[in-house]
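J.: So that you have it, the file is final07.txt, and it contains compact mmCIF, C-alpha atoms and all ligand atoms:
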# COMPACT_ATOMS: atom_id res chain seq x y z
CA MET A 1434 0.00 0.00 0.00
CA SER A 1435 1.35 3.42 -0.88
CA THR A 1436 2.18 5.85 1.92
CA ALA A 1437 -0.27 8.36 0.42
CA LYS A 1438 -3.09 5.79 0.63
CA GLN A 1439 -2.11 4.81 4.18
CA GLY A 1440 -2.11 8.50 5.07
CA SER A 1441 -5.61 9.07 3.74
CA ILE A 1442 -6.92 5.97 5.52
CA PHE A 1443 -5.34 7.32 8.71
CA TRP A 1444 -7.05 10.71 8.33
CA LEU A 1445 -10.36 9.09 7.40
CA SER A 1446 -10.21 6.97 10.57
CA ILE A 1447 -9.36 9.98 12.71
CA THR A 1448 -12.19 11.98 11.16
CA GLY A 1449 -14.58 9.05 11.72
CA LEU A 1450 -13.51 8.74 15.32
CA LEU A 1451 -13.91 12.46 15.97
CA CYS A 1452 -17.36 12.42 14.34
CA SER A 1453 -18.43 9.57 16.65
CA VAL A 1454 -17.12 11.38 19.71
CA PHE A 1455 -18.94 14.60 18.80
CA PHE A 1456 -22.11 12.68 17.92
CA LEU A 1457 -22.13 10.87 21.28
CA ALA A 1458 -21.30 14.07 23.16
CA GLY A 1459 -24.12 15.79 21.28
CA GLN A 1460 -26.52 13.01 22.25
CA TYR A 1461 -25.42 13.31 25.85
CA TYR A 1462 -25.78 17.06 26.04
CA ALA A 1463 -28.86 17.06 23.78
CA GLY A 1464 -29.01 20.80 23.03
CA GLY A 1465 -25.28 21.26 23.52
CA PRO A 1466 -23.42 22.47 26.58
CA THR A 1467 -25.15 25.88 26.60
CA SER A 1468 -28.68 24.40 26.52
CA ALA A 1469 -30.61 23.35 29.63
CA SER A 1470 -31.95 20.34 27.76
CA THR A 1471 -30.88 16.90 29.05
CA PRO A 1472 -32.30 13.41 28.57
CA PHE A 1473 -33.54 13.67 32.16
CA LEU A 1474 -35.59 16.82 31.42
CA ASP A 1475 -36.89 15.25 28.20
CA PHE A 1476 -38.24 12.31 30.20
CA VAL A 1477 -39.72 14.57 32.88
CA LYS A 1478 -41.49 16.55 30.13
CA ALA A 1479 -42.74 13.38 28.42
CA ARG A 1480 -44.34 11.89 31.56
CA ARG A 1481 -48.12 12.14 31.40
CA THR A 1482 -51.23 10.49 32.82
CA TYR A 1483 -52.24 7.58 30.57
CA TYR A 1484 -55.56 5.96 31.48
CA ALA A 1485 -55.93 3.71 28.40
CA LEU A 1486 -53.60 0.81 29.16
CA ASN A 1487 -53.29 -2.87 28.30
CA ASP A 1488 -51.44 -5.76 29.93
CA THR A 1489 -48.52 -5.88 27.45
CA LEU A 1490 -45.16 -4.62 28.71
CA GLY A 1491 -43.19 -5.44 25.56
CA PHE A 1492 -40.24 -6.52 27.74
CA GLY A 1493 -39.60 -8.66 30.80
CA LYS A 1494 -41.15 -7.97 34.19
CA GLU A 1495 -37.66 -8.01 35.69
CA THR A 1496 -36.97 -4.69 33.95
CA VAL A 1497 -39.79 -3.06 35.91
CA VAL A 1498 -38.49 -4.69 39.09
CA GLU A 1499 -34.94 -3.44 38.41
CA ILE A 1500 -36.15 0.13 37.80
CA VAL A 1501 -38.15 0.20 41.04
CA GLN A 1502 -35.34 -1.53 42.93
CA ASP A 1503 -32.86 1.18 41.87
CA LEU A 1504 -35.24 4.02 42.69
CA VAL A 1505 -36.15 2.64 46.12
CA GLN A 1506 -32.42 2.72 46.91
CA ASP A 1507 -31.53 6.01 45.21
CA VAL A 1508 -34.41 8.38 46.01
CA PRO A 1509 -33.51 10.53 49.05
CA SER A 1510 -35.28 10.65 52.41
CA ALA A 1511 -35.01 12.92 55.47
CA PHE A 1512 -31.94 12.00 57.56
CA ASN A 1513 -31.56 9.07 55.14
CA SER A 1514 -34.36 7.43 57.13
CA GLN A 1515 -35.51 5.35 54.11
CA SER A 1516 -39.19 5.48 54.97
CA ASN A 1517 -40.48 4.38 51.54
CA ARG A 1518 -41.90 0.89 51.07
CA VAL A 1519 -43.05 -0.57 47.76
CA VAL A 1520 -44.97 -3.59 46.49
CA ILE A 1521 -45.02 -4.43 42.77
CA LEU A 1522 -47.98 -6.45 41.53
CA PHE A 1523 -48.16 -8.06 38.08
CA ASP A 1524 -50.93 -9.90 36.27
CA GLN A 1525 -53.24 -11.87 38.61
CA GLU A 1526 -51.77 -10.21 41.71
CA HIS A 1527 -52.48 -6.80 40.17
CA GLY A 1528 -55.98 -8.07 39.32
CA LYS A 1529 -56.43 -9.18 42.94
CA PHE A 1530 -55.66 -5.64 44.13
CA TRP A 1531 -58.22 -4.03 41.84
CA ASP A 1532 -60.83 -6.68 42.74
CA THR A 1533 -60.27 -5.75 46.37
CA VAL A 1534 -60.77 -2.06 45.56
CA SER A 1535 -63.89 -2.94 43.62
CA ARG A 1536 -65.42 -5.02 46.45
CA THR A 1537 -64.60 -2.32 49.00
CA LEU A 1538 -66.04 0.54 46.96
CA LYS A 1539 -69.23 -1.35 46.11
CA ASN A 1540 -70.14 -1.17 49.79
CA ILE A 1541 -69.43 2.55 49.96
CA VAL A 1542 -70.55 4.34 46.79
CA THR A 1543 -74.19 4.97 45.89
CA GLU A 1544 -75.90 2.88 43.21
CA ASP A 1545 -75.70 5.88 40.83
CA GLN A 1546 -71.96 6.16 41.29
CA TRP A 1547 -71.31 2.43 41.01
CA GLN A 1548 -71.35 2.15 37.20
CA SER A 1549 -68.72 4.84 36.63
CA THR A 1550 -66.67 3.60 39.58
CA SER A 1551 -66.60 0.01 38.34
CA ASP A 1552 -65.82 1.18 34.79
CA ARG A 1553 -62.88 3.16 36.08
CA ILE A 1554 -61.58 0.23 38.13
CA ALA A 1555 -61.91 -2.03 35.07
CA THR A 1556 -59.50 0.24 33.14
CA PHE A 1557 -56.94 -0.06 35.94
CA LYS A 1558 -57.37 -3.84 36.09
CA ALA A 1559 -56.81 -4.09 32.32
CA ALA A 1560 -53.25 -2.73 32.76
CA ALA A 1561 -50.13 -4.86 33.25
CA GLY A 1562 -49.44 -4.10 36.88
CA SER A 1563 -49.48 -1.70 39.80
CA VAL A 1564 -46.74 -0.30 41.97
CA LEU A 1565 -48.10 0.24 45.49
CA PHE A 1566 -46.35 2.95 47.50
CA PHE A 1567 -46.30 2.89 51.31
CA VAL A 1568 -44.69 4.85 54.12
CA ASP A 1569 -43.38 2.80 57.04
CA GLU A 1570 -44.91 4.54 60.05
CA ALA A 1571 -42.44 2.76 62.33
CA VAL A 1572 -39.59 4.70 60.69
CA VAL A 1573 -41.46 7.99 61.07
CA GLN A 1574 -42.21 7.31 64.76
CA GLU A 1575 -38.67 6.27 65.51
CA LEU A 1576 -37.31 9.47 63.96
CA ALA A 1577 -39.77 11.57 65.95
CA ALA A 1578 -38.70 9.83 69.16
CA ASN A 1579 -34.98 10.19 68.41
CA ILE A 1580 -35.02 13.74 67.06
CA PRO A 1581 -37.83 15.53 68.97
CA THR A 1582 -36.90 18.95 67.50
CA TYR A 1583 -38.36 17.86 64.16
CA ALA A 1584 -41.03 15.49 65.49
CA ASN A 1585 -43.84 17.36 63.73
CA GLU A 1586 -42.00 17.42 60.40
CA PHE A 1587 -41.27 13.73 59.93
CA PRO A 1588 -44.68 12.66 58.60
CA THR A 1589 -44.49 15.45 55.99
CA TRP A 1590 -40.93 14.59 55.04
CA ALA A 1591 -41.86 10.93 54.62
CA THR A 1592 -44.70 12.01 52.32
CA GLU A 1593 -42.31 14.23 50.37
CA SER A 1594 -39.79 11.43 49.93
CA GLY A 1595 -42.69 9.23 48.83
CA GLY A 1596 -43.67 11.84 46.25
CA MET A 1597 -40.11 11.88 44.91
CA LEU A 1598 -40.17 8.10 44.54
CA GLN A 1599 -43.59 8.14 42.88
CA HIS A 1600 -42.57 10.76 40.35
CA SER A 1601 -39.28 9.00 39.57
CA THR A 1602 -41.01 5.67 39.10
CA TRP A 1603 -43.74 7.17 36.91
CA THR A 1604 -41.11 8.94 34.76
CA ALA A 1605 -38.80 5.92 34.52
CA LEU A 1606 -41.57 3.52 33.47
CA GLU A 1607 -42.78 5.94 30.80
CA ALA A 1608 -39.19 6.39 29.60
CA LYS A 1609 -39.36 2.65 28.83
CA GLY A 1610 -42.36 3.34 26.59
CA LEU A 1611 -45.10 2.30 29.04
CA GLY A 1612 -48.06 4.40 30.11
CA ALA A 1613 -49.03 4.96 33.75
CA ASN A 1614 -51.49 6.76 36.02
CA LEU A 1615 -51.44 7.51 39.73
CA GLN A 1616 -54.33 6.47 41.99
CA HIS A 1617 -55.21 6.80 45.68
CA TYR A 1618 -57.45 3.91 46.70
CA ASN A 1619 -55.86 3.77 50.13
CA LEU A 1620 -58.89 2.58 52.09
CA VAL A 1621 -57.93 -1.01 51.22
CA ASN A 1622 -54.81 -0.67 53.40
CA GLU A 1623 -55.78 -3.40 55.91
CA GLU A 1624 -56.90 -5.88 53.29
CA VAL A 1625 -53.71 -5.32 51.27
CA ALA A 1626 -51.59 -5.95 54.36
CA LYS A 1627 -53.46 -9.20 54.97
CA THR A 1628 -53.39 -10.42 51.35
CA TRP A 1629 -49.68 -9.85 50.81
CA ASN A 1630 -48.62 -10.38 54.42
CA LEU A 1631 -47.13 -6.91 54.89
CA PRO A 1632 -45.92 -5.39 58.17
CA ALA A 1633 -48.72 -3.63 60.03
CA THR A 1634 -46.69 -0.39 60.07
CA TRP A 1635 -46.77 -0.01 56.25
CA ARG A 1636 -49.35 2.66 55.35
CA LEU A 1637 -50.63 2.59 51.76
CA LYS A 1638 -50.21 6.00 50.04
CA SER A 1639 -50.82 5.54 46.32
CA GLN A 1640 -50.89 3.17 43.38
CA LEU A 1641 -49.10 3.66 40.06
CA VAL A 1642 -50.96 1.66 37.40
CA PHE A 1643 -48.79 0.82 34.38
CA GLY A 1644 -49.11 -0.99 31.06
CA GLY A 1645 -48.93 -0.69 27.28
CA ARG A 1646 -50.32 2.58 25.93
CA THR A 1647 -53.60 2.12 24.08
CA GLY A 1648 -54.57 5.79 23.97
CA GLU A 1649 -53.21 9.29 24.20
CA PRO A 1650 -53.06 11.46 27.33
CA GLY A 1651 -55.70 14.17 27.66
CA GLU A 1652 -55.13 17.84 27.00
CA LYS A 1653 -53.06 19.62 29.62
CA THR A 1654 -53.21 23.33 30.37
CA PHE A 1655 -50.56 25.38 32.10
CA LYS A 1656 -50.88 28.44 34.35
CA PRO A 1657 -48.44 31.13 33.24
CA LEU A 1658 -44.94 30.53 34.57
CA SER A 1659 -44.90 34.11 35.87
CA GLU A 1660 -47.51 33.06 38.49
CA LYS A 1661 -45.45 30.10 39.59
CA LEU A 1662 -41.79 31.07 39.35
CA LYS A 1663 -39.71 34.05 40.38
CA VAL A 1664 -36.02 34.38 39.62
CA PHE A 1665 -33.67 36.87 41.27
CA GLY A 1666 -30.07 37.70 40.52
CA ALA A 1667 -29.92 35.79 37.24
C1 LIG A 1701 -50.13 14.09 44.12
C2 LIG A 1701 -50.98 13.69 42.94
C3 LIG A 1701 -52.16 13.03 43.13
C4 LIG A 1701 -52.92 12.58 42.03
N1 LIG A 1701 -54.04 11.82 42.26
C5 LIG A 1701 -54.68 11.28 41.21
C6 LIG A 1701 -55.75 10.36 41.43
O1 LIG A 1701 -56.08 10.02 42.56
N2 LIG A 1701 -56.38 9.85 40.34
C7 LIG A 1701 -56.01 10.18 39.07
O2 LIG A 1701 -56.60 9.67 38.12
N3 LIG A 1701 -54.98 11.04 38.82
C8 LIG A 1701 -54.31 11.57 39.88
N4 LIG A 1701 -53.24 12.42 39.66
C9 LIG A 1701 -52.88 12.79 38.28
C10 LIG A 1701 -53.09 14.27 37.99
O3 LIG A 1701 -54.45 14.54 37.79
C11 LIG A 1701 -52.24 14.62 36.77
O4 LIG A 1701 -50.88 14.33 37.06
C12 LIG A 1701 -52.37 16.09 36.39
O5 LIG A 1701 -53.66 16.37 35.91
C13 LIG A 1701 -51.36 16.49 35.31
O6 LIG A 1701 -51.49 15.68 34.15
P1 LIG A 1701 -50.31 14.76 33.61
O7 LIG A 1701 -50.03 13.70 34.66
O8 LIG A 1701 -50.80 14.18 32.34
O9 LIG A 1701 -49.10 15.64 33.44
C14 LIG A 1701 -52.49 12.85 40.73
C15 LIG A 1701 -51.28 13.54 40.54
C16 LIG A 1701 -50.53 13.93 41.62
C17 LIG A 1701 -49.21 14.60 41.38
C1 LIG A 1702 -50.84 -3.18 24.04
O1 LIG A 1702 -50.34 -1.92 23.71
C2 LIG A 1702 -49.06 -1.96 23.11
C3 LIG A 1702 -48.56 -0.52 23.00
O2 LIG A 1702 -49.50 0.30 22.34
C4 LIG A 1702 -49.13 -2.69 21.79
O3 LIG A 1702 -47.86 -2.74 21.17
C5 LIG A 1702 -49.64 -4.10 22.05
O4 LIG A 1702 -49.81 -4.80 20.86
C6 LIG A 1702 -50.94 -4.07 22.82
N1 LIG A 1702 -51.26 -5.44 23.23
C7 LIG A 1702 -52.46 -5.98 23.09
C8 LIG A 1702 -52.61 -7.38 23.58
O5 LIG A 1702 -53.39 -5.37 22.60
Let me see the file written as structure tokens.
Ligand SMILES: Cc1cc2nc3c(=O)[nH]c(=O)nc-3n(C[C@H](O)[C@H](O)[C@H](O)COP(=O)(O)O)c2cc1C
Ligand SMILES: *[C@@H]1O[C@H](CO)[C@@H](O)[C@H](O)[C@H]1NC(C)=O
T.:
Amino acid sequence: MSTAKQGSIFWLSITGLLCSVFFLAGQYYAGGPTSASTPFLDFVKARRTYYALNDTLGFGKETVVEIVQDLVQDVPSAFNSQSNRVVILFDQEHGKFWDTVSRTLKNIVTEDQWQSTSDRIATFKAAAGSVLFFVDEAVVQELAANIPTYANEFPTWATESGGMLQHSTWTALEAKGLGANLQHYNLVNEEVAKTWNLPATWRLKSQLVFGGRTGEPGEKTFKPLSEKLKVFGA
């Protein structure tokens, strides 16, 4: 091979390599280093409430478990108290939860309300699974006993850490292409504890229903940012 040819192959390879590096860096920074855009913000923006769901994940259940596993460990909590507790239900176990909600509500709602209530529950049951979020009241009480200065704050901080976990989970599952919606059928707390043999100190806070997307999210309106955000010294 001539030296000239070797030289041009060398420069082609270098150019190719540089292109790949810049392409990957561009992907990483999305809008470039001067833009606020990141993959994280893109996913936060893309998260919506999806009610029309089916039971197809399109990938293994272990992926959902791994996502939730990571978030349970990584989401922060006050004094690193780790007050969040989670149960993931798939398929028949998920169905069992929504049957329990259905039975419980039938005894509570009026006959007029029952049709719409049972229709709504049927859409949740048709999904692939539910993530149940709890706060461990034992952790909250122990903190209050050990750090009396903040005793009144701990329930709120546990709720806030729970909210962080719920939002992260919602966003992460939708980043995998699923749809999800957040529900609060917490009056089944005792029956859930019995069915899945959970510690009595776990208090049910919310349910994230997830599955394949079979419809689009509804319209969303936004109050002007000027009502919600003030910036000083920028
Ligand atoms: C703390 C909280 C509680 C919510 N509770 C419910 C609920 O009980 N049932 C429900 O269908 N949606 C519930 N939602 C969903 C909101 O209605 C929804 O997030 C909001 O309208 C914005 O729409 P988006 O999720 O599509 O962005 C809740 C959302 C949050 C953050
Ligand atoms: C469920 O929805 C997903 C995503 O829209 C789709 O790919 C899949 O075919 C659906 N599954 C069934 C059984 O309808």
J.: Between A:Ser1470, A:Thr1496, A:Gln1640, A:Thr1556, which one has atoms that come closest to Asn1622 in chain A, using only C-alpha atoms?
T.: A:Gln1640
J.: Show which residues sit within 10 Å of Gln1506 in chain A, as a PDB file with C-alpha atoms, keeping the file's coordinate frame. Count all atoms listed in the file, and ignore same-chain residues fewer than 4 positions away.
T.:
ATOM      1  CA  VAL A1501     -38.150   0.200  41.040  1.00  0.00           C
ATOM      2  CA  GLN A1502     -35.340  -1.530  42.930  1.00  0.00           C
ATOM      3  CA  GLN A1515     -35.510   5.350  54.110  1.00  0.00           C
ATOM      4  CA  ASN A1517     -40.480   4.380  51.540  1.00  0.00           C
ATOM      5  CA  LEU A1598     -40.170   8.100  44.540  1.00  0.00           C
TER       6      LEU A1598
END
J.: Go through chain A residue by residue and, counting all atoms listed in the file, keep those with an atom at most 8 Å from ligand LIG 1701 (chain A); for each kept residue give the shortest atom pair and its distance in Å to one decimal, ordered by chain and increasing number, as CSV.
T.:
residue,atom,partner,partner_atom,distance
A:Arg1480,CA,A:LIG1701,O9,6.3
A:Arg1481,CA,A:LIG1701,O8,3.5
A:Thr1482,CA,A:LIG1701,O8,3.7
A:Tyr1483,CA,A:LIG1701,O8,7.0
A:Tyr1484,CA,A:LIG1701,O2,7.7
A:Gly1596,CA,A:LIG1701,C1,7.2
A:His1600,CA,A:LIG1701,C17,7.7
A:Asn1614,CA,A:LIG1701,N3,6.2
A:Leu1615,CA,A:LIG1701,C8,5.0
A:Gln1616,CA,A:LIG1701,O1,4.0
A:His1617,CA,A:LIG1701,O1,4.6
A:Tyr1618,CA,A:LIG1701,O1,7.5
A:Ser1639,CA,A:LIG1701,O1,7.9
A:Pro1650,CA,A:LIG1701,O8,6.1
A:Gly1651,CA,A:LIG1701,O8,6.8
A:Glu1652,CA,A:LIG1701,O8,7.8
A:Lys1653,CA,A:LIG1701,O6,6.2
J.: Any idea what's packed within 12 Å of Glu1593 in chain A, counting only C-alpha atoms, ignoring anything in its chain fewer than 3 positions away? Could you give it as a list in words?
T.: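 Within the cut-off, the hits are Val1508, Pro1509, Ser1510, Ala1511, Gln1515, Ser1516, Asn1517, Val1568, Glu1586, Phe1587, Pro1588, Thr1589, Trp1590, Gly1596, Met1597, Leu1598, Gln1599, His1600 and Lys1638 of chain A.
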J.: Using all atoms listed in the file, find the one residue out of A:Ser1601, A:Gln1548, A:Thr1489, A:Gln1574 that sits nearest to ligand LIG 1702 (chain A).
T.: A:Thr1489
